[in-house]
Amino acid sequence: MHAAPSSTAPNLTSPSWHTPALVKASVAVHAGAGALVLAQPALWPWALGAVALDHALVTAAGLWPRSTWLGANILRLPPASAARHEIALTIDDGPDPQITPAVLDLLDAHGARATFFCIARHAEQHAALCREIVRRGHSVQNHSFDHAHTFSLLGPRAIRRELVRAQDALAQVTGQRPRYFRAPAGLRNLFLAPVLHELDLQLVAWTRRGFDTARRDPAGVLSRLTRGLAAGDILLLHDHHTAIAASGRPVTLEVLPTLLQRFEQLKLRAVTLPDALA
C-alpha cells in the first residue's frame with residue numbers, strides 16, 4: 001500500500017484562518033490591562049483581575065468539548081445529511097485487537113458504517129487491524145499520536161508536531177490521509193484551531209456521548225446515546241479504554257447491538273463522516 005503524501009506542508013489553498021471573537025477579546029484584554037498599568041500603576045489589581053478572568057474564560061472554553069468559542073467545531077452533521085436520514089457513529093481510542101474486530105462484525109451485521117478516531121500509536125502497533133477497518137468501508141481519522149492527557153496544555157509547535165506525526169502515521173498505515181481531528185477527551189486550547197487550519201483538518205466533537213469509558217451500566221450508556229436520537233446526530237463510543245460491564249464484557253460491545261437496532265427502527269443510516277460531510 002502506498003503512503004499518502006506528507007502533511008508537513010502548510011495549507012496554501014484554503015481561505016485564511018479567521019481569529020475567533022473570544023481570542024480577539026483575550027488579546028484586547030491583555031493589551032488593555034498593560035495600558036492601564038502603564039497609565040495608572042495603582043490600578044494594577046484591577047488589571048490583574050481582568051487578565052485572570054480572561055484566562056479562566058479561555059480555559060473553560062477549551063475544557064468544554066462542544067464549545068465553538070475557540071474555533072470551528074463540528075457538533076452535528078449538515079442539514080443535507082440529516083435530510084438523508086444519516087447519522088454518524090464515531091468510535092475513539094483504538095484500534096484494539098480485543099474489541100475492534102467484534103465492533104467491525106457488529107457493524108457489518110447491520111450494514112452500518114462508522115468513523116474510527118484512532119490513536120496513531122495504536123494504529124502503528126496494530127496496522128493490519130487498522131487497514132481492516134478501512135477495507136470494510138469505515139473511515140479512520142486523527143485522534144492524535146499519543147492521546148496525552150496534557151494535550152490541552154501544549155503550545156502551538158508541540159500541537160503541530162503531535163498532529164503531523166499522527167497524520168503521517170495514519171496515512172502510512174491506511175493509505176488515506178485523515179481530514180478530521182478529535183482532541184484527546186475533547187480538551188484543547190486556543191492554539192489548536194490555527195494548526196488544524198494549516199494542516200487542512202477539521203475539528204469534530206459530538207452531539208451526544210454515552211460515557212462508556214466510565215459507566216459500567218450498558219443500559220445507562222444506551223439511554224444517554226438514544227435519548228432524543230435524530231438524524232444528523234454524531235454519537236461517541238470507544239473501542240479502547242471502554243469500561244467493563246458486570247457481565248465481564250466491554251460496555252461498548254454490550255451497547256452496540258441494541259444501538260444499531262435503534263438506528264434501524266428509526267430508519268437512520270449510519271455513515272462515515274467523510275461521506276456525510278462531503
# chains A, B, ... in the order shown; residues from 1 in each chain; ligands from 1
call {"tool": "closest_atom_pairs", "arguments": {"of": "stretch 159-197 of chain A", "to": "stretch 116-129 of chain A", "cutoff": "6 Å", "atoms": "only C-alpha atoms", "output": "CSV"}}
result
residue,atom,partner,partner_atom,distance
A:Ala166,CA,A:Ala120,CA,5.2
A:Leu170,CA,A:Ala120,CA,5.9
A:Val173,CA,A:Ala127,CA,5.8
call {"tool": "residues_around", "arguments": {"residues": "stretch 248-262 of chain A", "least_positions_apart": "4", "cutoff": "9 Å", "atoms": "only C-alpha atoms", "output": "list in words"}}
result
Ile99, Ala102, Val103, Leu106, Leu107, His110, Ala112, Asp212, Thr213, Arg215, Arg216, Asp217, Pro218, Ala219, Val221, Leu222, Leu225, Thr226, Leu237, His238, Asp239, Thr242, Ala243, Ile244, Leu266, Lys267, Leu268 and Ala270 of chain A
call {"tool": "closest_atom_pairs", "arguments": {"of": "stretch 226-255 of chain A", "to": "stretch 73-77 of chain A", "cutoff": "7 Å", "atoms": "only C-alpha atoms", "output": "JSON lines"}}
result
{"residue": "A:Gly232", "atom": "CA", "partner": "A:Leu77", "partner_atom": "CA", "distance": 4.6}
{"residue": "A:Asp233", "atom": "CA", "partner": "A:Arg76", "partner_atom": "CA", "distance": 5.3}
{"residue": "A:Ile234", "atom": "CA", "partner": "A:Arg76", "partner_atom": "CA", "distance": 5.7}
call {"tool": "closest_residue", "arguments": {"among": "A:Pro97, A:Gly49, A:Pro178, A:Pro156", "to": "A:Leu192", "atoms": "only C-alpha atoms"}}
result
A:Pro156
call {"tool": "select_by_dssp", "arguments": {"residues": "stretch 27-275 of chain A", "states": "strand (DSSP E)", "output": "list in words"}}
result
Glu86, Ile87, Ala88, Leu89, Thr90, Ile91, Asp92, Ala114, Thr115, Phe116, Phe117, Cys118, Ser139, Val140, Gln141, Asn142, Tyr180, Phe181, Gln202, Leu203, Arg208, Arg209, Ile234, Leu235, Leu236, Leu237, His238, Arg269 and Ala270 of chain A
call {"tool": "write_last_selection", "arguments": {"atoms": "N, CA and C atoms", "output": "tab-separated table (two decimals), in the first residue's frame"}}
result
chain	number	residue	atom	x	y	z
A	86	GLU	N	-29.27	10.44	7.76
A	86	GLU	CA	-27.96	9.90	8.12
A	86	GLU	C	-27.61	10.23	9.56
A	87	ILE	N	-26.78	9.39	10.13
A	87	ILE	CA	-26.28	9.57	11.49
A	87	ILE	C	-24.83	9.12	11.48
A	88	ALA	N	-24.00	9.67	12.37
A	88	ALA	CA	-22.59	9.32	12.41
A	88	ALA	C	-22.25	8.66	13.74
A	89	LEU	N	-21.77	7.43	13.66
A	89	LEU	CA	-21.27	6.73	14.83
A	89	LEU	C	-19.75	6.85	14.82
A	90	THR	N	-19.20	7.48	15.84
A	90	THR	CA	-17.74	7.65	15.92
A	90	THR	C	-17.23	6.82	17.10
A	91	ILE	N	-16.09	6.15	16.87
A	91	ILE	CA	-15.54	5.22	17.85
A	91	ILE	C	-14.08	5.61	18.09
A	92	ASP	N	-13.76	5.94	19.32
A	92	ASP	CA	-12.47	6.53	19.66
A	92	ASP	C	-11.51	5.56	20.33
A	114	ALA	N	-18.97	3.35	10.23
A	114	ALA	CA	-18.56	4.18	11.37
A	114	ALA	C	-17.27	4.90	11.05
A	115	THR	N	-16.97	5.89	11.88
A	115	THR	CA	-15.71	6.63	11.79
A	115	THR	C	-14.90	6.31	13.03
A	116	PHE	N	-13.70	5.78	12.83
A	116	PHE	CA	-12.82	5.41	13.94
A	116	PHE	C	-11.77	6.50	14.12
A	117	PHE	N	-11.86	7.25	15.20
A	117	PHE	CA	-10.82	8.23	15.55
A	117	PHE	C	-9.72	7.46	16.27
A	118	CYS	N	-8.69	7.11	15.53
A	118	CYS	CA	-7.65	6.21	16.04
A	118	CYS	C	-6.48	6.98	16.64
A	139	SER	N	-14.12	4.60	8.13
A	139	SER	CA	-13.17	5.70	7.99
A	139	SER	C	-12.26	5.77	9.21
A	140	VAL	N	-10.98	6.01	8.97
A	140	VAL	CA	-10.01	6.21	10.05
A	140	VAL	C	-9.61	7.68	10.06
A	141	GLN	N	-9.75	8.32	11.21
A	141	GLN	CA	-9.43	9.73	11.34
A	141	GLN	C	-8.48	9.95	12.53
A	142	ASN	N	-8.02	11.18	12.68
A	142	ASN	CA	-6.91	11.52	13.58
A	142	ASN	C	-7.40	11.80	15.01
A	180	TYR	N	-10.23	14.78	9.41
A	180	TYR	CA	-10.91	15.24	10.63
A	180	TYR	C	-10.08	14.88	11.85
A	181	PHE	N	-10.22	15.68	12.89
A	181	PHE	CA	-9.44	15.51	14.12
A	181	PHE	C	-10.37	15.62	15.31
A	202	GLN	N	-10.31	19.36	10.15
A	202	GLN	CA	-11.48	19.96	10.79
A	202	GLN	C	-11.72	19.28	12.14
A	203	LEU	N	-12.01	20.07	13.15
A	203	LEU	CA	-12.28	19.56	14.48
A	203	LEU	C	-13.70	18.99	14.54
A	208	ARG	N	-23.90	13.71	21.12
A	208	ARG	CA	-24.14	13.06	22.42
A	208	ARG	C	-23.11	11.94	22.61
A	209	ARG	N	-22.82	11.68	23.87
A	209	ARG	CA	-21.86	10.62	24.22
A	209	ARG	C	-22.45	9.77	25.34
A	234	ILE	N	-24.19	13.03	15.88
A	234	ILE	CA	-22.88	12.40	15.91
A	234	ILE	C	-22.74	11.76	17.30
A	235	LEU	N	-22.58	10.44	17.33
A	235	LEU	CA	-22.52	9.71	18.59
A	235	LEU	C	-21.08	9.27	18.87
A	236	LEU	N	-20.76	9.17	20.16
A	236	LEU	CA	-19.41	8.80	20.57
A	236	LEU	C	-19.42	7.54	21.43
A	237	LEU	N	-18.65	6.53	20.98
A	237	LEU	CA	-18.35	5.33	21.76
A	237	LEU	C	-16.84	5.09	21.68
A	238	HIS	N	-16.36	4.04	22.34
A	238	HIS	CA	-14.93	3.74	22.36
A	238	HIS	C	-14.70	2.25	22.10
A	269	ARG	N	-29.54	5.91	8.90
A	269	ARG	CA	-28.47	5.22	8.21
A	269	ARG	C	-27.13	5.70	8.74
A	270	ALA	N	-26.36	4.79	9.32
A	270	ALA	CA	-25.05	5.15	9.88
A	270	ALA	C	-24.03	5.22	8.76
call {"tool": "atom_distance", "arguments": {"atom1": "atom CA of A:Leu48", "atom2": "atom CA of A:Leu153"}}
result
21.6 Å
call {"tool": "closest_residue", "arguments": {"among": "A:Ala214, A:Val27, A:Leu187, A:Ala52", "to": "A:His241", "atoms": "only C-alpha atoms"}}
result
A:Ala214
call {"tool": "select_by_dssp", "arguments": {"residues": "stretch 40-166 of chain A", "states": "helix (DSSP H, G or I)", "output": "PyMOL selection string"}}
result
chain A and resi 41-63+79-83+100-109+120-125+127-135+151-153+156-166
call {"tool": "closest_residue", "arguments": {"among": "A:Ile133, A:Pro79, A:Leu53, A:His18", "to": "A:Glu198", "atoms": "only C-alpha atoms"}}
result
A:His18
call {"tool": "atom_distance", "arguments": {"atom1": "atom CA of A:His138", "atom2": "atom CA of A:Gly111"}}
result
11.0 Å
call {"tool": "closest_residue", "arguments": {"among": "A:Ala21, A:Gln40, A:Gly32, A:Arg131", "to": "A:Thr100", "atoms": "only C-alpha atoms"}}
result
A:Arg131
